[in-house]
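A.B. asks: My structure is in query-v4.txt, and what it holds is compact mmCIF, C-alpha atoms:
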# COMPACT_ATOMS: atom_id res chain seq x y z
CA MET A 1 -13.53 -37.22 -15.79
CA ASN A 2 -12.82 -36.74 -12.07
CA LEU A 3 -10.57 -34.03 -10.69
CA LEU A 4 -7.53 -36.24 -10.11
CA ASN A 5 -7.62 -37.61 -13.64
CA ARG A 6 -7.81 -34.10 -15.04
CA TYR A 7 -4.69 -33.06 -13.14
CA ARG A 8 -2.93 -36.22 -14.34
CA LYS A 9 -3.55 -35.18 -17.95
CA ILE A 10 -1.57 -31.95 -17.56
CA PRO A 11 1.51 -32.28 -19.83
CA ARG A 12 4.84 -33.10 -18.12
CA SER A 13 6.48 -29.94 -19.46
CA ILE A 14 3.86 -27.75 -17.81
CA LEU A 15 4.37 -29.63 -14.54
CA LEU A 16 8.13 -28.94 -14.79
CA MET A 17 7.49 -25.24 -15.39
CA ILE A 18 5.10 -25.10 -12.43
CA SER A 19 7.61 -26.94 -10.21
CA ALA A 20 10.34 -24.47 -11.19
CA ALA A 21 7.98 -21.61 -10.40
CA PHE A 22 7.33 -23.18 -6.98
CA PHE A 23 11.00 -22.87 -5.96
CA ILE A 24 11.12 -19.27 -7.20
CA HIS A 25 7.93 -18.54 -5.24
CA MET A 26 9.61 -19.87 -2.07
CA ILE A 27 11.86 -16.78 -2.08
CA ASN A 28 8.91 -14.48 -2.73
CA ALA A 29 6.87 -16.16 0.02
CA SER A 30 9.67 -15.95 2.60
CA PHE A 31 10.29 -12.30 1.75
CA ILE A 32 6.61 -11.44 2.09
CA LEU A 33 6.39 -13.31 5.40
CA ILE A 34 9.46 -11.92 7.20
CA LEU A 35 11.47 -9.45 5.08
CA ASN A 36 9.55 -6.40 6.33
CA ILE A 37 10.00 -7.56 9.92
CA TYR A 38 13.72 -8.04 9.25
CA LEU A 39 13.89 -4.50 7.82
CA ARG A 40 12.15 -3.17 10.94
CA LYS A 41 14.66 -4.99 13.17
CA GLN A 42 17.45 -3.40 11.12
CA GLY A 43 16.11 0.00 12.22
CA PHE A 44 13.94 1.03 9.26
CA ALA A 45 10.58 2.73 9.90
CA ASP A 46 7.31 1.82 8.16
CA GLY A 47 7.73 4.70 5.71
CA ASN A 48 11.19 3.49 4.66
CA ILE A 49 9.97 -0.10 4.31
CA ALA A 50 7.06 1.00 2.12
CA GLN A 51 9.43 3.04 -0.03
CA PHE A 52 11.76 0.06 -0.56
CA ASN A 53 8.83 -2.18 -1.50
CA SER A 54 7.53 0.42 -3.94
CA PHE A 55 10.71 0.23 -6.01
CA ARG A 56 10.22 -3.49 -6.53
CA PHE A 57 6.92 -2.77 -8.21
CA LEU A 58 8.26 0.25 -10.11
CA GLY A 59 10.88 -1.92 -11.79
CA VAL A 60 8.29 -4.48 -12.86
CA PHE A 61 6.02 -1.72 -14.16
CA PHE A 62 8.70 -0.46 -16.55
CA PHE A 63 9.82 -3.87 -17.84
CA ALA A 64 6.71 -6.12 -17.88
CA PHE A 65 4.95 -4.39 -20.79
CA PRO A 66 8.00 -4.40 -23.10
CA LEU A 67 8.59 -8.04 -22.20
CA GLY A 68 5.01 -8.94 -23.16
CA ILE A 69 5.54 -7.31 -26.55
CA PHE A 70 8.92 -8.98 -27.02
CA ILE A 71 7.86 -12.57 -26.26
CA LYS A 72 5.04 -12.65 -28.82
CA GLY A 73 5.75 -15.58 -31.10
CA LYS A 74 9.04 -16.42 -29.35
CA ALA A 75 10.33 -19.41 -27.40
CA LEU A 76 9.71 -19.01 -23.65
CA LYS A 77 12.20 -21.49 -22.18
CA PRO A 78 15.14 -19.01 -22.33
CA PHE A 79 13.11 -16.57 -20.22
CA PHE A 80 12.38 -19.27 -17.63
CA LEU A 81 16.11 -20.05 -17.51
CA ALA A 82 16.97 -16.37 -17.00
CA SER A 83 14.42 -15.94 -14.22
CA SER A 84 15.38 -19.12 -12.34
CA LEU A 85 19.04 -18.04 -12.42
CA LEU A 86 18.62 -14.34 -11.62
CA VAL A 87 16.01 -14.48 -8.84
CA PRO A 88 18.30 -16.29 -6.33
CA ILE A 89 21.28 -14.07 -7.31
CA PHE A 90 19.42 -10.79 -6.91
CA SER A 91 17.63 -12.00 -3.76
CA LEU A 92 21.04 -12.65 -2.20
CA PHE A 93 22.21 -9.20 -3.33
CA LEU A 94 19.17 -7.61 -1.67
CA LEU A 95 19.67 -9.54 1.56
CA LEU A 96 23.33 -8.53 1.80
CA ALA A 97 22.42 -4.91 1.06
CA ILE A 98 19.92 -4.88 3.94
CA GLN A 99 22.49 -6.41 6.25
CA GLY A 100 24.96 -3.70 5.24
CA GLY A 101 22.37 -0.94 5.70
CA ASP A 102 23.12 0.69 2.32
CA GLU A 103 19.81 2.27 1.23
CA SER A 104 20.92 2.76 -2.39
CA ARG A 105 21.83 -0.91 -2.73
CA ILE A 106 18.64 -1.96 -0.96
CA THR A 107 16.62 0.05 -3.49
CA LEU A 108 18.56 -1.47 -6.41
CA GLY A 109 18.12 -4.93 -4.89
CA PHE A 110 14.34 -4.55 -4.71
CA ILE A 111 14.24 -3.42 -8.35
CA LEU A 112 16.41 -6.29 -9.63
CA TRP A 113 14.59 -8.89 -7.54
CA GLY A 114 11.21 -7.67 -8.75
CA VAL A 115 12.18 -7.62 -12.43
CA SER A 116 13.77 -11.09 -12.39
CA PHE A 117 10.74 -12.55 -10.58
CA MET A 118 8.40 -10.83 -13.05
CA ILE A 119 9.91 -12.73 -16.01
CA MET A 120 8.62 -16.05 -14.68
CA ASN A 121 5.18 -14.57 -13.94
CA VAL A 122 4.70 -12.92 -17.33
CA CYS A 123 5.75 -16.00 -19.31
CA GLY A 124 3.99 -18.65 -17.20
CA LEU A 125 0.39 -18.14 -18.27
CA PRO A 126 1.11 -17.78 -22.02
CA TYR A 127 3.19 -20.99 -21.81
CA ILE A 128 0.23 -22.83 -20.30
CA MET A 129 -2.15 -21.49 -22.94
CA ARG A 130 0.26 -22.68 -25.64
CA SER A 131 0.86 -26.13 -24.15
CA ALA A 132 -2.24 -27.32 -22.29
CA PRO A 133 -5.03 -29.30 -23.97
CA GLU A 134 -8.30 -27.37 -23.80
CA GLU A 135 -9.89 -29.95 -21.50
CA VAL A 136 -7.34 -29.31 -18.72
CA VAL A 137 -6.65 -25.57 -19.16
CA SER A 138 -8.57 -24.77 -15.94
CA GLU A 139 -6.61 -27.35 -13.96
CA ALA A 140 -3.24 -26.22 -15.37
CA ILE A 141 -3.96 -22.58 -14.50
CA SER A 142 -5.19 -23.54 -11.03
CA LEU A 143 -2.13 -25.70 -10.38
CA ASN A 144 0.17 -22.89 -11.56
CA PHE A 145 -1.65 -20.43 -9.33
CA SER A 146 -1.46 -22.81 -6.36
CA THR A 147 2.37 -22.84 -6.42
CA TRP A 148 2.32 -19.52 -4.54
CA SER A 149 0.23 -21.07 -1.77
CA LEU A 150 2.30 -24.26 -1.62
CA ALA A 151 5.52 -22.21 -1.53
CA THR A 152 4.08 -20.17 1.35
CA ILE A 153 3.20 -23.35 3.24
CA VAL A 154 6.70 -24.79 2.84
CA ALA A 155 8.52 -21.49 3.41
CA GLY A 156 6.36 -20.57 6.41
CA SER A 157 6.80 -23.98 8.01
CA LEU A 158 10.55 -23.92 7.36
CA ILE A 159 10.87 -20.42 8.84
CA ASN A 160 8.99 -21.49 11.97
CA PHE A 161 11.07 -24.69 12.32
CA LEU A 162 14.43 -22.96 11.86
CA SER A 163 13.41 -20.12 14.18
CA HIS A 164 12.89 -22.63 16.98
CA LEU A 165 16.27 -24.24 16.33
CA GLU A 166 17.71 -20.82 17.18
CA GLU A 167 21.27 -21.69 16.05
CA ILE A 168 23.53 -24.30 14.50
CA ILE A 169 27.23 -24.98 14.98
CA ILE A 170 29.30 -25.57 11.81
CA GLY A 171 33.05 -26.03 12.09
CA GLY A 172 33.07 -24.42 15.51
CA ALA A 173 31.23 -21.34 14.25
CA VAL A 174 27.84 -20.54 15.79
CA ILE A 175 25.30 -19.54 13.11
CA PRO A 176 22.05 -18.07 14.49
CA PHE A 177 18.81 -18.85 12.69
CA ASP A 178 17.58 -15.27 12.52
CA GLU A 179 15.65 -13.79 9.57
CA PHE A 180 18.85 -13.20 7.58
CA HIS A 181 20.17 -16.76 7.79
CA ILE A 182 16.74 -18.34 7.32
CA MET A 183 16.28 -16.43 4.06
CA LEU A 184 19.78 -17.53 3.00
CA VAL A 185 18.68 -21.16 3.41
CA ILE A 186 15.54 -20.60 1.33
CA ILE A 187 17.49 -18.80 -1.41
CA SER A 188 19.83 -21.80 -1.60
CA ILE A 189 16.91 -24.23 -1.94
CA SER A 190 15.30 -22.11 -4.67
CA SER A 191 18.33 -22.65 -6.90
CA LEU A 192 16.82 -26.05 -7.79
CA SER A 193 14.49 -24.14 -10.11
CA PHE A 194 17.21 -23.74 -12.74
CA ILE A 195 17.74 -27.51 -12.96
CA LEU A 196 14.02 -28.15 -13.51
CA VAL A 197 13.79 -25.53 -16.26
CA LEU A 198 16.55 -27.33 -18.21
CA PHE A 199 14.12 -30.24 -18.79
CA ILE A 200 11.19 -28.10 -19.98
CA LYS A 201 10.04 -28.77 -23.53
CA GLU A 202 9.46 -25.67 -25.61
CA ALA A 203 5.85 -24.91 -26.58
CA LYS A 204 4.97 -23.92 -30.12
CA PRO A 205 3.98 -20.21 -30.29
CA ARG A 206 0.50 -19.47 -31.60
CA THR A 207 1.77 -16.54 -33.68
CA SER A 208 4.83 -16.02 -35.85
CA SER A 209 7.93 -14.44 -34.33
CA SER A 210 8.67 -10.78 -35.10
CA SER A 211 11.17 -8.25 -33.85
CA PHE A 212 10.38 -6.13 -30.80
CA PHE A 213 9.94 -3.01 -32.94
CA GLN A 214 7.66 -4.79 -35.41
CA ASN A 215 5.51 -5.99 -32.53
CA LEU A 216 5.58 -2.49 -31.04
CA GLY A 217 4.52 -0.95 -34.35
CA ALA A 218 1.65 -3.40 -34.61
CA LEU A 219 0.23 -2.59 -31.19
CA ARG A 220 -2.64 -0.56 -32.56
CA SER A 221 -3.78 -2.96 -35.28
CA ASP A 222 -2.89 -6.42 -33.93
CA TYR A 223 -4.63 -6.23 -30.57
CA ASP A 224 -8.24 -5.83 -29.42
CA TRP A 225 -7.79 -2.90 -27.07
CA THR A 226 -11.47 -2.62 -26.15
CA LEU A 227 -11.50 -6.20 -24.83
CA ILE A 228 -8.15 -5.70 -23.10
CA ALA A 229 -9.38 -2.52 -21.36
CA ARG A 230 -12.52 -4.24 -20.08
CA VAL A 231 -10.41 -6.99 -18.48
CA LEU A 232 -7.91 -4.55 -16.95
CA VAL A 233 -10.37 -2.21 -15.20
CA PRO A 234 -11.43 -4.58 -12.35
CA ASN A 235 -7.90 -5.96 -12.21
CA MET A 236 -6.47 -2.48 -11.63
CA ILE A 237 -9.02 -1.49 -8.98
CA ILE A 238 -8.43 -4.64 -6.95
CA ALA A 239 -4.65 -4.35 -7.43
CA VAL A 240 -4.52 -0.82 -5.97
CA GLY A 241 -6.59 -1.92 -2.99
CA ALA A 242 -4.52 -5.05 -2.45
CA GLY A 243 -1.29 -3.04 -2.57
CA LEU A 244 -2.43 -1.05 0.43
CA THR A 245 -2.80 -4.18 2.54
CA ILE A 246 -1.15 -7.39 1.37
CA PRO A 247 2.54 -6.37 1.55
CA PHE A 248 2.00 -4.89 5.02
CA VAL A 249 -0.19 -7.45 6.82
CA ASN A 250 2.90 -8.71 8.67
CA LEU A 251 3.51 -5.16 9.93
CA PHE A 252 -0.15 -5.00 11.05
CA PHE A 253 0.20 -8.16 13.17
CA ASN A 254 3.63 -7.10 14.42
CA SER A 255 2.43 -3.62 15.45
CA VAL A 256 -1.05 -4.41 16.74
CA PHE A 257 -0.58 -7.87 18.27
CA LYS A 258 3.26 -7.98 18.66
CA VAL A 259 3.54 -11.04 16.40
CA ASP A 260 7.14 -11.91 15.50
CA SER A 261 8.54 -13.63 12.40
CA ASP A 262 8.18 -17.23 13.61
CA THR A 263 4.53 -16.85 14.63
CA PHE A 264 3.48 -14.91 11.54
CA SER A 265 5.21 -17.41 9.25
CA LEU A 266 3.14 -20.16 10.91
CA ILE A 267 -0.06 -18.15 10.45
CA GLY A 268 0.87 -17.52 6.82
CA ALA A 269 1.58 -21.21 6.25
CA GLY A 270 -1.77 -22.20 7.76
CA SER A 271 -3.64 -19.74 5.59
CA ALA A 272 -1.71 -20.84 2.51
CA THR A 273 -2.72 -24.45 3.16
CA ILE A 274 -6.37 -23.48 2.85
CA VAL A 275 -5.55 -21.38 -0.25
CA PHE A 276 -3.73 -24.31 -1.83
CA LEU A 277 -6.58 -26.77 -1.33
CA SER A 278 -9.31 -24.34 -2.38
CA THR A 279 -7.35 -23.39 -5.52
CA LEU A 280 -7.08 -27.02 -6.62
CA PHE A 281 -10.83 -27.55 -6.26
CA ILE A 282 -11.99 -24.27 -7.84
CA PRO A 283 -12.16 -25.81 -11.38
CA ILE A 284 -14.97 -28.08 -10.16
CA ILE A 285 -16.94 -25.10 -8.85
CA ARG A 286 -16.34 -23.19 -12.08
CA ARG A 287 -17.49 -26.04 -14.29
CA LYS A 288 -20.54 -26.83 -12.18
CA PHE A 289 -21.78 -23.34 -11.32
CA GLY A 290 -20.05 -21.02 -13.82
CA PHE A 291 -17.96 -17.89 -13.53
CA ARG A 292 -20.48 -15.91 -11.45
CA VAL A 293 -20.42 -18.30 -8.50
CA ALA A 294 -16.70 -19.14 -8.77
CA ILE A 295 -15.60 -15.48 -8.81
CA LEU A 296 -18.22 -13.23 -7.24
CA ILE A 297 -19.20 -15.20 -4.13
CA PRO A 298 -15.64 -15.93 -2.83
CA GLN A 299 -14.51 -12.35 -3.51
CA SER A 300 -17.56 -10.86 -1.79
CA LEU A 301 -17.01 -13.01 1.32
CA ALA A 302 -13.30 -12.04 1.27
CA VAL A 303 -14.28 -8.36 1.48
CA LEU A 304 -16.40 -9.12 4.55
CA PHE A 305 -13.56 -10.91 6.35
CA LEU A 306 -11.13 -8.09 5.49
CA VAL A 307 -13.50 -5.68 7.27
CA VAL A 308 -13.52 -8.03 10.28
CA LEU A 309 -9.70 -8.19 10.24
CA ALA A 310 -9.46 -4.39 10.13
CA THR A 311 -11.82 -3.83 13.04
CA THR A 312 -9.87 -6.18 15.34
CA GLN A 313 -7.41 -3.31 15.86
CA LEU A 314 -10.19 -1.41 17.61
CA ALA A 315 -10.59 -4.33 20.03
CA GLN A 316 -6.90 -5.19 20.49
CA ALA A 317 -7.16 -4.69 24.26
CA TYR A 318 -9.30 -7.84 24.43
CA SER A 319 -7.57 -11.22 24.25
CA TRP A 320 -10.10 -12.62 21.79
CA ALA A 321 -9.31 -9.94 19.19
CA PHE A 322 -6.03 -11.66 18.27
CA TYR A 323 -7.78 -14.95 17.53
CA VAL A 324 -10.53 -13.23 15.54
CA ALA A 325 -7.83 -11.43 13.52
CA ILE A 326 -6.09 -14.74 12.75
CA ALA A 327 -9.38 -16.38 11.76
CA ALA A 328 -10.38 -13.44 9.53
CA PHE A 329 -6.94 -13.39 7.88
CA MET A 330 -6.94 -17.13 7.29
CA LEU A 331 -10.42 -17.03 5.74
CA ARG A 332 -9.92 -13.88 3.68
CA GLN A 333 -6.77 -15.23 2.01
CA PRO A 334 -8.27 -18.39 0.45
CA LEU A 335 -11.55 -16.74 -0.48
CA MET A 336 -9.84 -13.93 -2.41
CA ASN A 337 -7.19 -16.14 -3.91
CA MET A 338 -9.31 -19.12 -4.91
CA ALA A 339 -10.99 -16.91 -7.52
CA GLY A 340 -7.57 -16.03 -8.99
CA PRO A 341 -7.26 -18.96 -11.43
CA VAL A 342 -10.83 -18.44 -12.62
CA THR A 343 -10.32 -14.71 -13.17
CA SER A 344 -7.11 -15.52 -15.10
CA GLU A 345 -8.94 -18.04 -17.25
CA LEU A 346 -11.79 -15.63 -17.86
CA SER A 347 -9.30 -12.93 -18.88
CA MET A 348 -7.47 -15.19 -21.31
CA LYS A 349 -10.64 -16.47 -22.93
CA TYR A 350 -12.30 -13.06 -23.03
CA VAL A 351 -9.44 -11.38 -24.94
CA GLY A 352 -8.70 -14.33 -27.24
CA PRO A 353 -5.43 -16.07 -28.33
CA ARG A 354 -3.77 -13.16 -30.13
CA ASN A 355 -4.00 -10.91 -27.06
CA GLN A 356 -2.88 -13.42 -24.41
CA GLU A 357 0.87 -12.65 -24.18
CA LEU A 358 0.10 -8.95 -24.01
CA ILE A 359 -2.66 -9.22 -21.43
CA SER A 360 -0.37 -11.30 -19.20
CA ALA A 361 2.34 -8.62 -19.43
CA ILE A 362 -0.03 -5.68 -18.99
CA SER A 363 -1.63 -7.39 -15.99
CA SER A 364 1.81 -7.72 -14.37
CA SER A 365 2.55 -4.08 -15.21
CA ILE A 366 -0.74 -2.92 -13.76
CA TRP A 367 -0.28 -4.92 -10.56
CA SER A 368 3.21 -3.55 -10.18
CA ALA A 369 2.22 0.05 -11.02
CA SER A 370 -0.76 -0.22 -8.71
CA TRP A 371 1.31 -1.67 -5.87
CA PHE A 372 3.96 1.02 -6.42
CA ILE A 373 1.25 3.68 -6.11
CA SER A 374 -0.29 1.84 -3.16
CA ALA A 375 3.07 1.56 -1.37
CA LYS A 376 3.55 5.31 -1.78
CA ILE A 377 0.02 5.94 -0.50
CA PHE A 378 0.64 3.58 2.44
CA GLN A 379 3.90 5.41 3.18
CA LEU A 380 2.07 8.75 3.16
CA LEU A 381 -0.86 7.50 5.24
CA ARG A 382 1.42 5.97 7.88
CA GLN A 383 3.47 9.19 8.02
CA MET A 384 0.14 10.95 8.64
CA GLU A 385 -0.36 8.43 11.48
CA MET A 386 -3.42 6.85 9.91
CA GLU A 387 -4.24 3.59 11.66
CA TYR A 388 -3.93 0.20 9.97
CA TYR A 389 -7.64 -0.53 10.27
CA GLN A 390 -8.49 2.63 8.33
CA ILE A 391 -6.13 1.65 5.51
CA PHE A 392 -7.57 -1.87 5.41
CA LEU A 393 -11.10 -0.49 5.17
CA ILE A 394 -10.03 1.55 2.13
CA THR A 395 -8.85 -1.72 0.59
CA ALA A 396 -12.20 -3.38 1.35
CA ALA A 397 -14.07 -0.55 -0.39
CA MET A 398 -11.87 -0.85 -3.48
CA TYR A 399 -12.32 -4.63 -3.51
CA ALA A 400 -16.08 -4.16 -3.48
CA VAL A 401 -15.92 -1.85 -6.50
CA GLY A 402 -13.63 -4.30 -8.32
CA VAL A 403 -16.01 -7.20 -7.69
CA SER A 404 -18.85 -5.14 -9.19
CA PHE A 405 -16.82 -4.62 -12.36
CA TYR A 406 -16.06 -8.34 -12.56
CA ARG A 407 -19.79 -8.97 -12.51
CA LEU A 408 -20.19 -6.74 -15.58
CA LEU A 409 -17.27 -8.49 -17.32
CA ILE A 410 -18.71 -11.95 -16.69
CA ASN A 411 -22.11 -10.90 -18.02
CA ASP A 412 -20.51 -9.54 -21.19
CA PHE A 413 -18.42 -12.71 -21.65
CA LEU A 414 -21.48 -14.94 -21.32
CA ARG A 415 -23.43 -12.82 -23.82
CA ARG A 416 -20.64 -13.33 -26.35
CA GLN A 417 -20.71 -17.13 -26.09
CA PRO A 418 -22.70 -19.38 -28.46
CA LYS A 419 -26.09 -20.21 -27.03
CA LYS A 420 -25.19 -23.88 -26.51
CA ASN A 421 -22.37 -22.88 -24.14
CA LYS A 422 -24.43 -20.64 -21.88
CA GLY A 423 -25.45 -21.62 -18.39
CA PRO A 424 -23.80 -23.34 -15.47
CA VAL A 425 -22.02 -25.96 -17.61
CA LEU A 426 -20.04 -23.33 -19.51
CA PRO A 427 -16.40 -24.43 -19.91
CA GLY A 428 -14.49 -21.79 -18.49
CA MET A 429 -8.95 -15.76 -14.43
CA GLN A 430 -4.15 -14.64 -11.29
CA PHE A 431 -3.75 -12.27 -8.72
CA ARG A 432 -2.16 -11.99 -5.15
CA GLY A 433 -4.81 -10.34 -3.25
Represent the structure from my file as C-alpha cells, please.

C.D. replies:
Amino acid sequence: MNLLNRYRKIPRSILLMISAAFFIHMINASFILILNIYLRKQGFADGNIAQFNSFRFLGVFFFAFPLGIFIKGKALKPFFLASSLLVPIFSLFLLLAIQGGDESRITLGFILWGVSFMIMNVCGLPYIMRSAPEEVVSEAISLNFSTWSLATIVAGSLINFLSHLEEIIIGGAVIPFDEFHIMLVIISISSLSFILVLFIKEAKPRTSSSSFFQNLGALRSDYDWTLIARVLVPNMIIAVGAGLTIPFVNLFFNSVFKVDSDTFSLIGAGSATIVFLSTLFIPIIRRKFGFRVAILIPQSLAVLFLVVLATTQLAQAYSWAFYVAIAAFMLRQPLMNMAGPVTSELSMKYVGPRNQELISAISSSIWSASWFISAKIFQLLRQMEMEYYQIFLITAAMYAVGVSFYRLLINDFLRRQPKKNKGPVLPGMQFRG
C-alpha cells in the first residue's frame, strides 16, 4: 500500500478532528511567531515576557493530569467542542489585555488560553488510538502532528501578507495591520474549528467509564507506572531543553539580527513547510528502517544545527551569519519535529492501551511543567545578562541527553516484541521541539 492510499484510509471522523485542530493551531502558531514581539513593542522586557509565557504552561500543568484521569472511558467530542469554543474566546481576552497593558489580566489570559488549548492536545491522541485502524495508526498520528506545521505555514504567510498591506479602510475608518489586528484576523478564522467538531463521530472508549474519583483511586493498580516512567524520562529532558529555546527564538532573531514580525513569520512559514512535508513522509522511514533510524538520526542532526544556530550570535557582525542562522533554524525545526509522530507512536505502543489516555495527559503536564520551569530559568538567565547563544547551547546539551535515553527506550521496546516483529520491518511517538 503506497503512502497516499494509506492516508486515504484514515477515517473521516479523524480527518474532521485533525482539521478542527488545524484551526486551533493557527492561533497558537501566530502567537508563537509574533506575540512576544508584540509584547516587546508594548514595552515589556524579556524577563516580563518570559514570566507571562510561564503562566501559560503553569495552568496546563495543573489541569492536564486531572483531565487525563477524567476522560478515561468517556466520550471525547464534548471536550473538542469546549476547546474549539474557548480557545478563540480566551485568545481574544489575552490580546485585549495586552493592548490594555493590565499585567494581571495578561497573566490570567495566558493561563486560560493555555488550558483551553491543552484540552484539544490531551484528547487528540487518545481519540486517534480509539478510532484509527491499526494499519494507518502511523499515518493518522503523523497527519495530526503535521497540523501544527501546516498552521504555521498558513499563519506565517498570512501574517507576512497582511503586514505588507499595512492598513485597510472600512467605513471610513483606517485599520492598521499591526500585530494586534493581524492576530484578531487569525482568531476570527480559527472559529471555524467549532463547526468542524460538530460533525465528528464519537469513538468508542477502550475502557468502561468511571467517575473521576474512582479513576483517581485506581491510579496505583490500573496503570503500569514503570512503563510510563520510562517513556516520560526522555520526554521531560527534551521538554526542559526545548522550553529554554523554542518560545524565545523570535526574540533571538529580533535581538541579534533585528528581524521584525513580518520577516520572522516568513522564516517560520518556510521552516514549517519543510516540517509539514517531512512529517507526512516519516511513516515510510519508520516502517522501512525502524524506530532507531526514524527517531535517533533526525534528533541527533537537529542538535548539531541548534549548535550552529547558537554560534551565529558570535559572528553577527558578518553579513553571512544571518543567512547561516536562517538555514540552521530551518533545518533544525524539521529534523527535531519529524521524529515527533514516531516518538508519540512509540510511547503509545510501549505503555499499552490501558495507559494511553493517562500518558497523553501526563506528557502534556510534563511539557507544560518543564516549559514553566524553563521560562523561569530563561527569565533568570536573561536578567543575569546571559547571552542567547549560551542558553541555546544548554538546550543542545539537554537534547543530546534526551536522545540517549530514547535510544535505551527503543532498545527495550524492541526486546519486548515477539521475535517475528523484530528488525527493520517492525510496525511501529508528539512534541514541539

A.B. asks: Rounded to one decimal in Å, what is the spacing between CA of Leu96 (chain A) and CA of Ile37 (chain A)?

C.D. replies: 15.6 Å

A.B. asks: Pick out the closest residue to Glu385 (chain A) from this set: A:Gly47, A:Ser30, A:Leu15, A:Asn254. Count only C-alpha atoms.

C.D. replies: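 Answer, going by the shortest atom-to-atom distance: A:Gly47.
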
A.B. asks: Under the rule that only C-alpha atoms are counted, which of A:Met17, A:Ile27, A:Leu112, A:Ala339 is the nearest residue to Leu280 (chain A)?

C.D. replies: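 Using only C-alpha atoms, Leu280 (chain A) sits closest to A:Ala339.
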
A.B. asks: Just the residues within 10 Å of Pro341 (chain A), please, counting all atoms listed in the file, with nothing from its chain fewer than 6 positions along; format it as a VMD selection string.

C.D. replies: chain A and resid 138 to 146 279 to 280 282 to 283 294 to 295 347 429 to 431

A.B. asks: Quick one: residues within 9 Å of region 179-189 of chain A, all atoms listed in the file, excluding same-chain residues fewer than 2 positions away - as a PyMOL selection string?

C.D. replies: chain A and resi 23-24+26-27+30-31+34-35+37-38+87-89+91-92+95-96+99+155+158-159+162-163+175-177+191-193+261

A.B. asks: For CA of Lys204 (chain A) and CA of Ala20 (chain A), quote the distance in Å rounded to one decimal.

C.D. replies: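 Result for CA of Lys204 (chain A) versus CA of Ala20 (chain A): 19.7 Å, one decimal.
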
A.B. asks: Restore all heavy atoms in region 2-7 of chain A and list the result as a PDB file, in the frame of the given file.

C.D. replies:
ATOM      1  N   ASN A   2     -12.928 -37.323 -13.400  1.00  0.00           N
ATOM      2  CA  ASN A   2     -12.820 -36.740 -12.070  1.00  0.00           C
ATOM      3  C   ASN A   2     -11.634 -35.801 -11.973  1.00  0.00           C
ATOM      4  O   ASN A   2     -10.792 -35.723 -12.874  1.00  0.00           O
ATOM      5  CB  ASN A   2     -12.742 -37.848 -11.006  1.00  0.00           C
ATOM      6  CG  ASN A   2     -11.507 -38.733 -11.167  1.00  0.00           C
ATOM      7  OD1 ASN A   2     -10.416 -38.247 -11.456  1.00  0.00           O
ATOM      8  ND2 ASN A   2     -11.689 -40.036 -10.968  1.00  0.00           N
ATOM      9  N   LEU A   3     -11.571 -35.083 -10.846  1.00  0.00           N
ATOM     10  CA  LEU A   3     -10.570 -34.030 -10.690  1.00  0.00           C
ATOM     11  C   LEU A   3      -9.146 -34.567 -10.782  1.00  0.00           C
ATOM     12  O   LEU A   3      -8.290 -33.988 -11.465  1.00  0.00           O
ATOM     13  CB  LEU A   3     -10.782 -33.320  -9.358  1.00  0.00           C
ATOM     14  CG  LEU A   3      -9.877 -32.111  -9.085  1.00  0.00           C
ATOM     15  CD1 LEU A   3     -10.147 -31.006 -10.082  1.00  0.00           C
ATOM     16  CD2 LEU A   3     -10.085 -31.607  -7.659  1.00  0.00           C
ATOM     17  N   LEU A   4      -8.880 -35.690 -10.112  1.00  0.00           N
ATOM     18  CA  LEU A   4      -7.530 -36.240 -10.110  1.00  0.00           C
ATOM     19  C   LEU A   4      -7.081 -36.626 -11.509  1.00  0.00           C
ATOM     20  O   LEU A   4      -5.931 -36.380 -11.904  1.00  0.00           O
ATOM     21  CB  LEU A   4      -7.469 -37.456  -9.170  1.00  0.00           C
ATOM     22  CG  LEU A   4      -6.082 -38.094  -8.992  1.00  0.00           C
ATOM     23  CD1 LEU A   4      -5.085 -37.072  -8.447  1.00  0.00           C
ATOM     24  CD2 LEU A   4      -6.173 -39.305  -8.055  1.00  0.00           C
ATOM     25  N   ASN A   5      -7.970 -37.235 -12.272  1.00  0.00           N
ATOM     26  CA  ASN A   5      -7.620 -37.610 -13.640  1.00  0.00           C
ATOM     27  C   ASN A   5      -7.336 -36.399 -14.514  1.00  0.00           C
ATOM     28  O   ASN A   5      -6.471 -36.440 -15.398  1.00  0.00           O
ATOM     29  CB  ASN A   5      -8.736 -38.458 -14.255  1.00  0.00           C
ATOM     30  CG  ASN A   5      -8.754 -39.876 -13.711  1.00  0.00           C
ATOM     31  OD1 ASN A   5      -7.743 -40.362 -13.220  1.00  0.00           O
ATOM     32  ND2 ASN A   5      -9.910 -40.522 -13.776  1.00  0.00           N
ATOM     33  N   ARG A   6      -8.068 -35.322 -14.274  1.00  0.00           N
ATOM     34  CA  ARG A   6      -7.810 -34.100 -15.040  1.00  0.00           C
ATOM     35  C   ARG A   6      -6.403 -33.565 -14.746  1.00  0.00           C
ATOM     36  O   ARG A   6      -5.684 -33.156 -15.649  1.00  0.00           O
ATOM     37  CB  ARG A   6      -8.865 -33.034 -14.725  1.00  0.00           C
ATOM     38  CG  ARG A   6     -10.231 -33.321 -15.333  1.00  0.00           C
ATOM     39  CD  ARG A   6     -11.187 -32.160 -15.100  1.00  0.00           C
ATOM     40  NE  ARG A   6     -12.476 -32.399 -15.699  1.00  0.00           N
ATOM     41  CZ  ARG A   6     -12.764 -32.169 -16.986  1.00  0.00           C
ATOM     42  NH1 ARG A   6     -11.833 -31.685 -17.776  1.00  0.00           N
ATOM     43  NH2 ARG A   6     -13.968 -32.413 -17.459  1.00  0.00           N
ATOM     44  N   TYR A   7      -6.024 -33.538 -13.479  1.00  0.00           N
ATOM     45  CA  TYR A   7      -4.690 -33.060 -13.140  1.00  0.00           C
ATOM     46  C   TYR A   7      -3.609 -33.984 -13.701  1.00  0.00           C
ATOM     47  O   TYR A   7      -2.522 -33.536 -14.069  1.00  0.00           O
ATOM     48  CB  TYR A   7      -4.535 -32.919 -11.620  1.00  0.00           C
ATOM     49  CG  TYR A   7      -5.124 -31.630 -11.092  1.00  0.00           C
ATOM     50  CD1 TYR A   7      -6.309 -31.625 -10.356  1.00  0.00           C
ATOM     51  CD2 TYR A   7      -4.512 -30.405 -11.342  1.00  0.00           C
ATOM     52  CE1 TYR A   7      -6.857 -30.439  -9.882  1.00  0.00           C
ATOM     53  CE2 TYR A   7      -5.053 -29.219 -10.875  1.00  0.00           C
ATOM     54  CZ  TYR A   7      -6.221 -29.246 -10.148  1.00  0.00           C
ATOM     55  OH  TYR A   7      -6.755 -28.064  -9.687  1.00  0.00           O
TER      56      TYR A   7
END
